[in-house]
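Next comes structure15.cif, with mmCIF, C-alpha atoms.
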data_coords
loop_
_atom_site.label_atom_id
_atom_site.label_comp_id
_atom_site.auth_asym_id
_atom_site.auth_seq_id
_atom_site.Cartn_x
_atom_site.Cartn_y
_atom_site.Cartn_z
CA MET K 30 -75.52 -90.54 -49.87
CA ASN K 31 -73.79 -93.18 -51.93
CA LYS K 32 -70.11 -93.23 -51.00
CA TYR K 33 -69.04 -92.76 -54.63
CA VAL K 34 -71.23 -89.72 -55.05
CA GLU K 35 -70.00 -88.52 -51.68
CA ARG K 36 -66.43 -88.44 -53.10
CA LEU K 37 -67.56 -86.11 -55.88
CA TYR K 38 -69.33 -83.80 -53.43
CA ASN K 39 -66.30 -83.88 -51.16
CA GLY K 40 -63.92 -82.83 -53.93
CA LEU K 41 -66.17 -80.22 -55.49
CA ILE K 42 -67.48 -78.49 -52.39
CA LYS K 43 -66.59 -79.78 -48.95
CA GLU K 44 -62.84 -80.14 -49.45
CA ASN K 45 -62.41 -78.10 -52.61
CA PRO K 46 -58.64 -78.38 -53.13
CA THR K 47 -58.10 -74.76 -54.10
CA LEU K 48 -60.66 -72.79 -52.16
CA VAL K 49 -60.84 -74.83 -48.96
CA LEU K 50 -57.61 -76.83 -48.69
CA MET K 51 -55.57 -74.13 -50.45
CA LEU K 52 -53.42 -76.59 -52.34
CA GLY K 53 -51.93 -76.04 -55.77
CA MET K 54 -51.75 -72.28 -55.50
CA CYS K 55 -49.03 -71.86 -58.13
CA PRO K 56 -51.08 -72.96 -61.16
CA THR K 57 -54.16 -71.28 -59.73
CA LEU K 58 -52.42 -67.93 -59.66
CA ALA K 59 -50.48 -68.41 -62.86
CA VAL K 60 -52.94 -69.66 -65.46
CA SER K 61 -56.12 -67.95 -64.33
CA THR K 62 -55.69 -65.01 -66.72
CA ARG K 63 -58.45 -66.41 -68.95
CA ALA K 64 -61.41 -68.62 -68.09
CA LEU K 65 -60.51 -70.97 -70.94
CA ASN K 66 -56.96 -71.36 -69.64
CA GLY K 67 -58.47 -72.29 -66.29
CA ILE K 68 -60.54 -75.03 -67.91
CA GLY K 69 -57.55 -76.31 -69.89
CA MET K 70 -55.28 -76.44 -66.86
CA GLY K 71 -58.03 -77.86 -64.65
CA LEU K 72 -58.89 -80.67 -67.03
CA SER K 73 -55.23 -81.57 -67.68
CA THR K 74 -54.67 -81.80 -63.94
CA THR K 75 -57.90 -83.80 -63.55
CA ALA K 76 -56.73 -86.31 -66.14
CA VAL K 77 -53.40 -86.76 -64.39
CA LEU K 78 -55.08 -86.94 -61.00
CA ILE K 79 -57.58 -89.63 -62.02
CA LEU K 80 -54.88 -91.78 -63.60
CA SER K 81 -52.39 -91.31 -60.80
CA ASN K 82 -55.02 -92.12 -58.17
CA LEU K 83 -55.96 -95.23 -60.14
CA VAL K 84 -52.39 -96.45 -60.63
CA ILE K 85 -51.32 -95.72 -57.07
CA SER K 86 -54.42 -97.34 -55.66
CA LEU K 87 -53.80 -100.46 -57.77
CA LEU K 88 -50.18 -100.58 -56.66
CA ARG K 89 -50.84 -99.66 -53.05
CA LYS K 90 -50.01 -103.14 -51.77
CA ALA K 91 -47.00 -103.56 -54.07
CA ILE K 92 -45.14 -100.36 -53.18
CA PRO K 93 -43.06 -100.67 -50.00
CA ASP K 94 -43.85 -97.98 -47.49
CA GLU K 95 -40.31 -96.57 -47.24
CA ILE K 96 -39.99 -95.70 -50.91
CA ARG K 97 -43.58 -94.74 -51.60
CA LEU K 98 -42.93 -91.03 -52.21
CA PRO K 99 -40.22 -91.52 -54.86
CA SER K 100 -42.46 -94.15 -56.47
CA TYR K 101 -45.41 -91.77 -56.54
CA ILE K 102 -43.24 -89.04 -58.04
CA VAL K 103 -42.10 -91.35 -60.84
CA ILE K 104 -45.68 -92.46 -61.54
CA VAL K 105 -46.99 -88.90 -61.57
CA ALA K 106 -44.07 -87.59 -63.66
CA SER K 107 -44.64 -90.31 -66.28
CA LEU K 108 -48.35 -89.54 -66.46
CA VAL K 109 -47.64 -85.83 -66.74
CA THR K 110 -45.20 -86.43 -69.58
CA VAL K 111 -47.81 -88.49 -71.43
CA THR K 112 -50.42 -85.78 -70.88
CA GLU K 113 -48.01 -83.08 -72.00
CA LEU K 114 -47.19 -84.90 -75.24
CA LEU K 115 -50.89 -85.51 -75.93
CA ILE K 116 -51.76 -81.85 -75.36
CA GLU K 117 -48.86 -80.73 -77.54
CA ALA K 118 -50.05 -83.00 -80.34
CA TYR K 119 -53.79 -82.49 -80.25
CA LEU K 120 -54.41 -79.14 -78.50
CA PRO K 121 -51.51 -76.90 -79.60
CA SER K 122 -53.32 -73.71 -78.57
CA VAL K 123 -53.78 -74.98 -75.00
CA TYR K 124 -50.13 -76.07 -74.97
CA GLU K 125 -49.10 -72.60 -76.10
CA ALA K 126 -51.19 -70.87 -73.44
CA LEU K 127 -50.19 -73.04 -70.48
CA GLY K 128 -46.54 -73.53 -71.42
CA ILE K 129 -44.26 -74.40 -68.54
CA TYR K 130 -47.18 -75.01 -66.18
CA ILE K 131 -48.09 -78.31 -67.84
CA PRO K 132 -44.87 -80.14 -66.83
CA LEU K 133 -45.15 -78.42 -63.46
CA ILE K 134 -48.31 -80.45 -62.76
CA VAL K 135 -45.76 -82.93 -61.36
CA VAL K 136 -45.14 -80.74 -58.36
CA ASN K 137 -48.78 -79.79 -57.94
CA CYS K 138 -49.50 -80.50 -54.29
CA ILE K 139 -53.00 -81.75 -55.03
CA ILE K 140 -51.79 -84.81 -56.90
CA LEU K 141 -49.19 -86.08 -54.43
CA GLY K 142 -51.45 -84.94 -51.62
CA ARG K 143 -54.35 -87.11 -52.80
CA ALA K 144 -52.00 -90.03 -53.44
CA GLU K 145 -50.71 -89.81 -49.91
CA ALA K 146 -53.97 -88.95 -48.19
CA TYR K 147 -56.43 -91.07 -50.13
CA ALA K 148 -55.36 -93.31 -52.99
CA ASN K 149 -52.86 -95.40 -51.03
CA LYS K 150 -55.53 -96.40 -48.53
CA ASN K 151 -58.61 -96.94 -50.70
CA THR K 152 -59.94 -99.13 -53.48
CA PRO K 153 -59.23 -98.20 -57.13
CA LEU K 154 -62.83 -97.27 -57.90
CA LEU K 155 -63.17 -94.97 -54.89
CA SER K 156 -59.79 -93.42 -55.72
CA VAL K 157 -60.88 -92.71 -59.27
CA MET K 158 -64.04 -91.03 -57.97
CA ASP K 159 -61.91 -89.04 -55.56
CA GLY K 160 -59.68 -88.00 -58.46
CA ILE K 161 -62.69 -86.91 -60.50
CA GLY K 162 -64.14 -84.94 -57.58
CA MET K 163 -60.90 -83.24 -56.63
CA GLY K 164 -59.99 -82.56 -60.25
CA LEU K 165 -63.36 -81.01 -61.00
CA GLY K 166 -63.18 -78.97 -57.80
CA PHE K 167 -59.82 -77.64 -58.96
CA THR K 168 -61.18 -76.97 -62.46
CA VAL K 169 -64.20 -75.08 -61.13
CA ALA K 170 -62.05 -72.92 -58.85
CA LEU K 171 -59.55 -72.17 -61.62
CA THR K 172 -62.28 -71.34 -64.11
CA LEU K 173 -64.01 -69.10 -61.58
CA ALA K 174 -60.78 -67.22 -60.88
CA GLY K 175 -60.09 -67.02 -64.62
CA LEU K 176 -63.59 -65.74 -65.30
CA VAL K 177 -63.38 -62.97 -62.70
CA ARG K 178 -59.97 -61.90 -63.94
CA GLU K 179 -60.98 -62.02 -67.59
CA VAL K 180 -64.18 -60.01 -67.09
CA LEU K 181 -62.51 -57.36 -64.94
CA GLY K 182 -59.23 -57.21 -66.80
CA ASN K 183 -60.27 -57.73 -70.38
CA GLY K 184 -64.03 -57.19 -70.51
CA THR K 185 -64.61 -60.67 -71.96
CA ALA K 186 -65.83 -64.04 -70.70
CA PHE K 187 -64.61 -67.21 -72.44
CA GLY K 188 -63.38 -64.92 -75.22
CA LEU K 189 -66.76 -63.22 -75.78
CA GLN K 190 -67.24 -59.53 -75.09
CA VAL K 191 -69.49 -59.11 -72.03
CA LEU K 192 -68.76 -55.61 -70.77
CA PRO K 193 -69.72 -52.78 -73.10
CA LYS K 194 -66.78 -51.47 -75.09
CA SER K 195 -67.24 -48.04 -73.51
CA ILE K 196 -66.07 -49.40 -70.14
CA GLU K 197 -62.30 -49.47 -70.00
CA PRO K 198 -61.25 -52.86 -68.52
CA MET K 199 -58.88 -52.80 -65.54
CA GLY K 200 -55.79 -54.28 -67.11
CA ILE K 201 -54.17 -54.92 -63.76
CA PHE K 202 -56.42 -57.96 -63.26
CA VAL K 203 -54.89 -59.91 -66.12
CA GLN K 204 -51.41 -58.91 -64.97
CA PRO K 205 -49.66 -60.86 -62.20
CA PRO K 206 -50.88 -58.64 -59.30
CA GLY K 207 -54.49 -59.35 -60.29
CA ALA K 208 -53.99 -63.03 -59.51
CA PHE K 209 -53.08 -62.31 -55.91
CA LEU K 210 -55.93 -59.82 -55.58
CA VAL K 211 -58.63 -62.11 -56.97
CA ILE K 212 -57.61 -65.08 -54.81
CA ALA K 213 -57.45 -62.77 -51.79
CA LEU K 214 -60.94 -61.57 -52.68
CA PHE K 215 -62.26 -65.15 -52.87
CA ILE K 216 -60.89 -65.95 -49.42
CA ILE K 217 -62.23 -62.70 -47.98
CA ILE K 218 -65.70 -63.54 -49.31
CA MET K 219 -65.48 -67.07 -47.92
CA ASN K 220 -64.33 -65.72 -44.56
CA ALA K 221 -67.10 -63.16 -44.52
CA ILE K 222 -69.84 -65.71 -45.15
CA GLY K 223 -68.26 -68.06 -42.67
CA ILE K 224 -66.84 -70.92 -44.72
CA LYS K 225 -63.85 -72.35 -42.89
CA THR K 226 -60.73 -72.67 -44.96
CA ARG K 227 -57.53 -74.32 -43.91
CA GLN K 228 -55.64 -71.08 -44.53
CA LYS K 229 -54.43 -70.75 -40.93
CA LYS K 230 -52.20 -73.73 -41.44
CA LEU K 231 -51.05 -72.46 -44.79
CA VAL K 232 -49.93 -69.22 -43.30
CA GLU K 233 -48.39 -70.76 -40.25
CA GLY K 234 -46.03 -73.27 -41.75
CA CYS K 235 -45.43 -75.67 -44.55
CA ASP K 236 -48.43 -77.74 -43.61
CA GLY K 237 -50.62 -76.17 -46.20
CA CYS K 238 -47.93 -76.45 -48.81
CA CYS K 239 -47.83 -80.11 -49.66
CA ALA K 240 -48.99 -83.29 -48.10
CA ASN K 241 -45.86 -84.90 -49.43
CA CYS K 242 -43.54 -82.37 -47.91
CA ALA K 243 -45.14 -83.12 -44.57
CA ALA K 244 -44.67 -86.80 -45.23
CA SER K 245 -41.07 -86.47 -46.32
CA GLY K 246 -40.11 -85.26 -42.88
CA CYS K 247 -40.97 -81.62 -43.23
CA PRO K 248 -40.51 -79.97 -39.84
CA LYS K 249 -43.54 -78.80 -37.92
CA SER K 250 -44.42 -75.19 -38.40
CA GLU K 251 -43.14 -74.21 -34.95
CA GLU K 252 -39.68 -75.41 -35.87
CA VAL K 253 -39.74 -73.50 -39.12
CA THR K 254 -40.61 -70.23 -37.53
CA LYS K 255 -38.16 -70.59 -34.68
CA MET R 12 -21.11 -60.33 -70.97
CA LYS R 13 -24.03 -57.94 -71.24
CA ALA R 14 -26.32 -60.85 -72.10
CA LEU R 15 -25.17 -62.74 -69.01
CA ILE R 16 -25.83 -59.77 -66.71
CA LEU R 17 -29.22 -59.38 -68.31
CA ILE R 18 -30.05 -63.02 -67.51
CA VAL R 19 -29.28 -62.49 -63.82
CA VAL R 20 -31.14 -59.18 -63.55
CA SER R 21 -34.12 -60.44 -65.48
CA GLY R 22 -34.29 -63.57 -63.32
CA ALA R 23 -34.02 -61.63 -60.09
CA LEU R 24 -36.15 -58.56 -60.78
CA ILE R 25 -37.92 -58.30 -64.09
CA ASN R 26 -39.34 -61.82 -64.28
CA ASN R 27 -39.39 -62.34 -60.55
CA VAL R 28 -40.05 -66.02 -60.00
CA VAL R 29 -42.65 -65.55 -57.26
CA LEU R 30 -44.31 -62.25 -58.04
CA ASN R 31 -44.37 -62.58 -61.79
CA GLN R 32 -44.30 -66.29 -62.59
CA PHE R 33 -45.99 -67.67 -59.48
CA LEU R 34 -43.51 -70.44 -58.80
CA GLY R 35 -42.72 -71.39 -55.22
CA ILE R 36 -45.86 -69.74 -53.86
CA CYS R 37 -46.29 -72.39 -51.16
CA SER R 38 -43.09 -71.60 -49.32
CA PHE R 39 -43.42 -67.91 -50.19
CA LEU R 40 -46.68 -67.77 -48.23
CA GLY R 41 -45.80 -70.48 -45.73
CA VAL R 42 -42.37 -69.49 -44.45
CA SER R 43 -42.59 -65.71 -44.61
CA LYS R 44 -43.73 -65.17 -41.06
CA GLN R 45 -40.36 -64.16 -39.70
CA MET R 46 -37.41 -62.38 -41.24
CA LYS R 47 -34.80 -64.82 -40.02
CA ALA R 48 -36.55 -67.98 -41.16
CA SER R 49 -37.34 -66.50 -44.56
CA ALA R 50 -33.76 -65.32 -45.06
CA SER R 51 -32.46 -68.80 -44.21
CA LEU R 52 -34.92 -70.38 -46.62
CA GLY R 53 -33.86 -67.86 -49.24
CA PHE R 54 -30.21 -68.80 -48.92
CA ALA R 55 -31.03 -72.51 -49.00
CA VAL R 56 -33.01 -71.89 -52.19
CA ILE R 57 -30.14 -69.96 -53.81
CA PHE R 58 -27.84 -72.83 -52.97
CA VAL R 59 -30.11 -75.60 -54.26
CA ILE R 60 -31.43 -73.86 -57.38
CA THR R 61 -27.95 -72.88 -58.56
CA ILE R 62 -26.64 -76.43 -58.16
CA ALA R 63 -29.82 -77.95 -59.57
CA SER R 64 -29.73 -75.79 -62.71
CA ALA R 65 -26.08 -76.71 -63.26
CA VAL R 66 -26.74 -80.43 -62.90
CA ALA R 67 -29.92 -80.31 -64.96
CA SER R 68 -28.11 -78.46 -67.73
CA LEU R 69 -25.26 -81.00 -67.82
CA LEU R 70 -27.67 -83.91 -67.80
CA TYR R 71 -29.74 -82.43 -70.59
CA ASP R 72 -26.75 -81.67 -72.83
CA PHE R 73 -24.75 -84.82 -72.23
CA VAL R 74 -27.31 -87.51 -71.48
CA LEU R 75 -30.79 -86.65 -72.71
CA LYS R 76 -29.82 -84.98 -75.97
CA PRO R 77 -27.30 -87.57 -77.25
CA PHE R 78 -29.84 -90.35 -76.64
CA GLY R 79 -32.65 -88.32 -78.18
CA ILE R 80 -34.88 -88.67 -75.12
CA GLU R 81 -35.54 -84.99 -74.40
CA PHE R 82 -39.17 -85.80 -73.63
CA MET R 83 -37.98 -87.55 -70.45
CA LYS R 84 -36.79 -84.23 -69.04
CA THR R 85 -39.60 -83.76 -66.51
CA ILE R 86 -39.12 -87.20 -64.97
CA VAL R 87 -35.33 -86.95 -64.95
CA PHE R 88 -35.23 -83.43 -63.52
CA ILE R 89 -37.64 -84.09 -60.67
CA LEU R 90 -35.75 -87.21 -59.61
CA VAL R 91 -32.39 -85.46 -59.89
CA ILE R 92 -33.64 -82.55 -57.82
CA ALA R 93 -35.04 -84.82 -55.12
CA ALA R 94 -31.80 -86.81 -54.98
CA LEU R 95 -29.69 -83.68 -55.11
CA VAL R 96 -31.43 -82.13 -52.15
CA GLN R 97 -30.80 -85.31 -50.16
CA ILE R 98 -27.13 -85.35 -51.12
CA VAL R 99 -26.66 -81.67 -50.34
CA GLU R 100 -28.30 -82.25 -46.99
CA MET R 101 -26.06 -85.18 -46.12
CA PHE R 102 -22.96 -83.39 -47.35
CA LEU R 103 -23.68 -80.29 -45.30
CA LYS R 104 -24.49 -82.33 -42.23
CA LYS R 105 -21.08 -83.99 -42.41
CA LYS R 106 -18.87 -81.20 -43.71
CA SER R 107 -20.34 -78.03 -42.38
CA PRO R 108 -22.66 -78.48 -39.40
CA ALA R 109 -22.96 -74.71 -38.97
CA ILE R 110 -24.53 -74.19 -42.39
CA TYR R 111 -26.55 -77.36 -41.94
CA LYS R 112 -27.98 -76.04 -38.73
CA SER R 113 -29.15 -72.82 -40.32
CA LEU R 114 -30.39 -74.34 -43.59
CA GLY R 115 -31.09 -77.93 -42.60
CA ILE R 116 -34.76 -77.84 -41.82
CA PHE R 117 -35.54 -75.97 -45.02
CA LEU R 118 -33.79 -78.33 -47.37
CA PRO R 119 -36.52 -81.02 -47.53
CA LEU R 120 -39.05 -78.29 -48.18
CA ILE R 121 -37.20 -77.25 -51.29
CA THR R 122 -37.65 -80.54 -53.15
CA THR R 123 -41.29 -79.76 -53.65
CA ASN R 124 -40.69 -76.10 -54.38
CA CYS R 125 -41.89 -75.82 -57.94
CA ALA R 126 -39.43 -73.00 -58.59
CA VAL R 127 -36.55 -75.49 -58.77
CA LEU R 128 -38.16 -77.65 -61.42
CA GLY R 129 -39.59 -74.58 -63.12
CA VAL R 130 -36.17 -72.96 -63.54
CA ALA R 131 -34.59 -76.15 -64.84
CA LEU R 132 -37.34 -76.58 -67.42
CA THR R 133 -37.36 -72.91 -68.47
CA ASN R 134 -33.59 -72.97 -68.96
CA VAL R 135 -33.86 -75.95 -71.27
CA GLN R 136 -36.77 -74.39 -73.13
CA ASN R 137 -34.75 -71.22 -73.71
CA GLY R 138 -31.85 -73.27 -75.04
CA TYR R 139 -29.37 -71.85 -72.53
CA ASN R 140 -25.82 -73.15 -72.39
CA PHE R 141 -24.18 -74.23 -69.12
CA THR R 142 -23.03 -70.78 -67.95
CA GLU R 143 -26.36 -69.22 -68.81
CA CYS R 144 -28.22 -71.98 -66.95
CA VAL R 145 -26.20 -71.47 -63.78
CA LEU R 146 -26.60 -67.70 -63.92
CA SER R 147 -30.29 -67.87 -64.66
CA GLY R 148 -30.75 -70.29 -61.76
CA PHE R 149 -28.77 -68.02 -59.48
CA GLY R 150 -30.67 -64.90 -60.58
CA THR R 151 -34.04 -66.57 -60.14
CA ALA R 152 -33.14 -67.79 -56.67
CA VAL R 153 -31.92 -64.32 -55.68
CA GLY R 154 -35.27 -63.01 -56.89
CA PHE R 155 -37.04 -65.54 -54.69
CA THR R 156 -34.96 -64.50 -51.68
CA ILE R 157 -35.61 -60.80 -52.26
CA ALA R 158 -39.34 -61.41 -52.55
CA ILE R 159 -39.67 -63.64 -49.49
CA VAL R 160 -37.54 -61.39 -47.25
CA LEU R 161 -39.53 -58.33 -48.35
CA LEU R 162 -42.82 -60.10 -47.70
CA ALA R 163 -41.61 -61.25 -44.28
CA SER R 164 -40.67 -57.71 -43.32
CA VAL R 165 -44.13 -56.52 -44.36
CA ARG R 166 -45.83 -59.30 -42.43
CA VAL R 167 -43.90 -58.57 -39.24
CA ARG R 168 -45.50 -55.14 -39.28
CA ILE R 169 -48.97 -56.28 -40.30
CA ARG R 170 -49.13 -58.67 -37.36
CA GLU R 171 -49.58 -55.81 -34.89
CA GLU R 172 -52.33 -54.12 -36.87
CA ASP R 173 -56.02 -54.31 -36.13
CA LEU R 174 -57.48 -55.75 -39.31
CA PRO R 175 -61.11 -56.36 -40.29
CA ALA R 176 -61.84 -60.00 -39.42
CA PRO R 177 -62.30 -61.42 -42.94
CA LEU R 178 -58.93 -60.02 -43.99
CA ARG R 179 -56.94 -61.72 -41.25
CA GLY R 180 -54.66 -64.55 -42.22
CA ALA R 181 -54.15 -65.41 -45.86
CA PRO R 182 -56.06 -62.53 -47.54
CA ILE R 183 -53.90 -59.73 -46.17
CA VAL R 184 -50.76 -61.66 -47.08
CA LEU R 185 -52.03 -62.12 -50.62
CA ILE R 186 -52.92 -58.43 -50.86
CA SER R 187 -49.42 -57.49 -49.66
CA ALA R 188 -48.02 -59.81 -52.30
CA ALA R 189 -50.21 -58.14 -54.92
CA LEU R 190 -48.87 -54.70 -53.99
CA MET R 191 -45.31 -56.02 -54.12
CA SER R 192 -46.06 -57.53 -57.49
CA ILE R 193 -47.27 -54.15 -58.76
CA ALA R 194 -44.03 -52.60 -57.53
CA PHE R 195 -41.98 -55.28 -59.25
CA MET R 196 -43.80 -54.63 -62.53
CA GLY R 197 -41.89 -51.35 -62.53
CA PHE R 198 -38.68 -53.27 -63.18
CA GLY R 199 -40.11 -54.17 -66.57
CA GLY R 200 -39.02 -50.71 -67.64
CA LEU R 201 -35.35 -51.45 -66.99
CA SER R 202 -33.35 -51.22 -70.17
CA PHE R 203 -29.78 -52.15 -70.93
#
Whole structure given in structure tokens:
Amino acid sequence: MNKYVERLYNGLIKENPTLVLMLGMCPTLAVSTRALNGIGMGLSTTAVLILSNLVISLLRKAIPDEIRLPSYIVIVASLVTVTELLIEAYLPSVYEALGIYIPLIVVNCIILGRAEAYANKNTPLLSVMDGIGMGLGFTVALTLAGLVREVLGNGTAFGLQVLPKSIEPMGIFVQPPGAFLVIALFIIIMNAIGIKTRQKKLVEGCDGCCANCAASGCPKSEEVTK
Amino acid sequence: MKALILIVVSGALINNVVLNQFLGICSFLGVSKQMKASASLGFAVIFVITIASAVASLLYDFVLKPFGIEFMKTIVFILVIAALVQIVEMFLKKKSPAIYKSLGIFLPLITTNCAVLGVALTNVQNGYNFTECVLSGFGTAVGFTIAIVLLASVRVRIREEDLPAPLRGAPIVLISAALMSIAFMGFGGLSF
């Protein structure tokens, strides 16, 4: 397989950031009330991720190693601000629906995680492909979660009625508890059919939380639990 | 006065930051294995979020607003929070080694806790003044602490149970969180 195509496959399936690496759980849980919200959030994050991977990869030789994390944060925060302003101007309904979670893309683990794990070691083109793959993987997972929650909790899919009106939708699924339940369900299914996730690490310490928190001297999980 | 109390209660219980707004999920799931560790993290979070909301509020009112650069808030807040955590860490290390020892290892974790940035941004969005910002930060952080300590106490008991294999690990923790979230929805009925 071509190494550029391999990046896409890697992001979408093999190392799907949400379902396999379990990164970026906050937006996944928060905005997956509707499938369309999932797409909006996923694509916004993808845009930021592609650009940040590109910029960081281009600057990878210019940024001194000691201050790379603050530099990445500034780069990502600037890109997020640009994205936020663009969404506010051109897609007001998306801006309304996602609210506070758009600026919070800054602290999305996927973005700093990819910067640290991939973009600062690879060529710009490969990094962009990695950004596209990871971003689309995130979008697919978010949309899937949104779709399940919307169908079960509201009887609609992408805003269209799919369940007959006579079936009362289970409102709990569009409420906050439904987010936890649906993600738990996804992981249970993946466990049952034998797809390995990195969840052990997530549960055992901060390792699953953010690549950058590990890099900024986050203690090993044993120390945390001591 | 009533409005101020409402801000604290709503931050801590009604709009619980973890169970209702899904901020700080990483550390909520990651550091809730033991009661003691989660309580320490909780107190570190209370400490940092309260100070961070105060500083963010001052910066917004006296720097960003006068210069008309409110759109810079995300960049400014994230840098301030990162710097603040470092300063707090150094200060505690020097002045109060006892607190540093119990909180120290959790402080770097908090920089990337999206709850800190989330609270600062929500405060600004709601147009809170300085007192309201501090109280809302404090209330939110107390809510985080309540949630993480409760989850830890549930997980300590789950650990001994014989679970079906696919449920072991993350799924059962998420299901526990879902049940807690349902319970916390009950606080929505609180009226003042």
Determine the nearest neighbour of chain R from the options K:Ala59, K:Ala174, K:Ile85, K:Leu65, counting all atoms listed in the file.
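For chain R, the nearest of the given residues is K:Ala59.
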Show me, as a PyMOL selection string, the residues of chain R whose atoms get within 8 Å of chain K, using only C-alpha atoms for the distance check.
chain R and resi 30-38+40-42+44-45+48+82-83+85-86+89-90+116-117+119-120+123-125+128-129+132-133+176-178+180-183+185-186+188-190+192-193
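Between atom CA of R:Ala50 and atom CA of R:Arg168 there is a distance of 16.6 Å.
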I need the output of the PyMOL selection byres ((chain R and resi 139-155) around 7) for this file as a list in words; which residues are they?
Leu15, Ile18, Val19, Val20, Gly22, Ala23, Leu24, Asn27, Val28, Val29, Gly53, Val56, Ile57, Ile60, Thr61, Ser64, Ala65, Ser68, Leu69, Val130, Asn134, Val135, Asn137, Gly138, Thr156, Ile157, Ala158 and Ile159 of chain R
Just-selected residues, C-alpha atoms written as a PDB file, keeping the file's coordinate frame:
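What ended up in again-v5.pdb:
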ATOM      1  CA  LEU R  15     -25.170 -62.740 -69.010  1.00  0.00           C
ATOM      2  CA  ILE R  18     -30.050 -63.020 -67.510  1.00  0.00           C
ATOM      3  CA  VAL R  19     -29.280 -62.490 -63.820  1.00  0.00           C
ATOM      4  CA  VAL R  20     -31.140 -59.180 -63.550  1.00  0.00           C
ATOM      5  CA  GLY R  22     -34.290 -63.570 -63.320  1.00  0.00           C
ATOM      6  CA  ALA R  23     -34.020 -61.630 -60.090  1.00  0.00           C
ATOM      7  CA  LEU R  24     -36.150 -58.560 -60.780  1.00  0.00           C
ATOM      8  CA  ASN R  27     -39.390 -62.340 -60.550  1.00  0.00           C
ATOM      9  CA  VAL R  28     -40.050 -66.020 -60.000  1.00  0.00           C
ATOM     10  CA  VAL R  29     -42.650 -65.550 -57.260  1.00  0.00           C
ATOM     11  CA  GLY R  53     -33.860 -67.860 -49.240  1.00  0.00           C
ATOM     12  CA  VAL R  56     -33.010 -71.890 -52.190  1.00  0.00           C
ATOM     13  CA  ILE R  57     -30.140 -69.960 -53.810  1.00  0.00           C
ATOM     14  CA  ILE R  60     -31.430 -73.860 -57.380  1.00  0.00           C
ATOM     15  CA  THR R  61     -27.950 -72.880 -58.560  1.00  0.00           C
ATOM     16  CA  SER R  64     -29.730 -75.790 -62.710  1.00  0.00           C
ATOM     17  CA  ALA R  65     -26.080 -76.710 -63.260  1.00  0.00           C
ATOM     18  CA  SER R  68     -28.110 -78.460 -67.730  1.00  0.00           C
ATOM     19  CA  LEU R  69     -25.260 -81.000 -67.820  1.00  0.00           C
ATOM     20  CA  VAL R 130     -36.170 -72.960 -63.540  1.00  0.00           C
ATOM     21  CA  ASN R 134     -33.590 -72.970 -68.960  1.00  0.00           C
ATOM     22  CA  VAL R 135     -33.860 -75.950 -71.270  1.00  0.00           C
ATOM     23  CA  ASN R 137     -34.750 -71.220 -73.710  1.00  0.00           C
ATOM     24  CA  GLY R 138     -31.850 -73.270 -75.040  1.00  0.00           C
ATOM     25  CA  THR R 156     -34.960 -64.500 -51.680  1.00  0.00           C
ATOM     26  CA  ILE R 157     -35.610 -60.800 -52.260  1.00  0.00           C
ATOM     27  CA  ALA R 158     -39.340 -61.410 -52.550  1.00  0.00           C
ATOM     28  CA  ILE R 159     -39.670 -63.640 -49.490  1.00  0.00           C
TER      29      ILE R 159
END
Taking the file as I've supplied it (selection: the PyMOL selection byres ((chain K and resi 145) around 10)), which residues are included? Please answer as a list in words.
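That selection, the PyMOL selection byres ((chain K and resi 145) around 10), comes back as Asn82, Ile85, Arg97, Leu98, Tyr101, Ile139, Ile140, Leu141, Gly142, Arg143, Ala144, Ala146, Tyr147, Ala148, Asn149, Lys150, Ala240, Asn241 and Ala244 of chain K.
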C-alpha atoms of the current selection, written as an mmCIF file, in the coordinates of the input:
data_model
loop_
_atom_site.group_PDB
_atom_site.id
_atom_site.type_symbol
_atom_site.label_atom_id
_atom_site.label_comp_id
_atom_site.auth_asym_id
_atom_site.auth_seq_id
_atom_site.Cartn_x
_atom_site.Cartn_y
_atom_site.Cartn_z
ATOM 1 C CA ASN K 82 -55.020 -92.120 -58.170
ATOM 2 C CA ILE K 85 -51.320 -95.720 -57.070
ATOM 3 C CA ARG K 97 -43.580 -94.740 -51.600
ATOM 4 C CA LEU K 98 -42.930 -91.030 -52.210
ATOM 5 C CA TYR K 101 -45.410 -91.770 -56.540
ATOM 6 C CA ILE K 139 -53.000 -81.750 -55.030
ATOM 7 C CA ILE K 140 -51.790 -84.810 -56.900
ATOM 8 C CA LEU K 141 -49.190 -86.080 -54.430
ATOM 9 C CA GLY K 142 -51.450 -84.940 -51.620
ATOM 10 C CA ARG K 143 -54.350 -87.110 -52.800
ATOM 11 C CA ALA K 144 -52.000 -90.030 -53.440
ATOM 12 C CA ALA K 146 -53.970 -88.950 -48.190
ATOM 13 C CA TYR K 147 -56.430 -91.070 -50.130
ATOM 14 C CA ALA K 148 -55.360 -93.310 -52.990
ATOM 15 C CA ASN K 149 -52.860 -95.400 -51.030
ATOM 16 C CA LYS K 150 -55.530 -96.400 -48.530
ATOM 17 C CA ALA K 240 -48.990 -83.290 -48.100
ATOM 18 C CA ASN K 241 -45.860 -84.900 -49.430
ATOM 19 C CA ALA K 244 -44.670 -86.800 -45.230
#
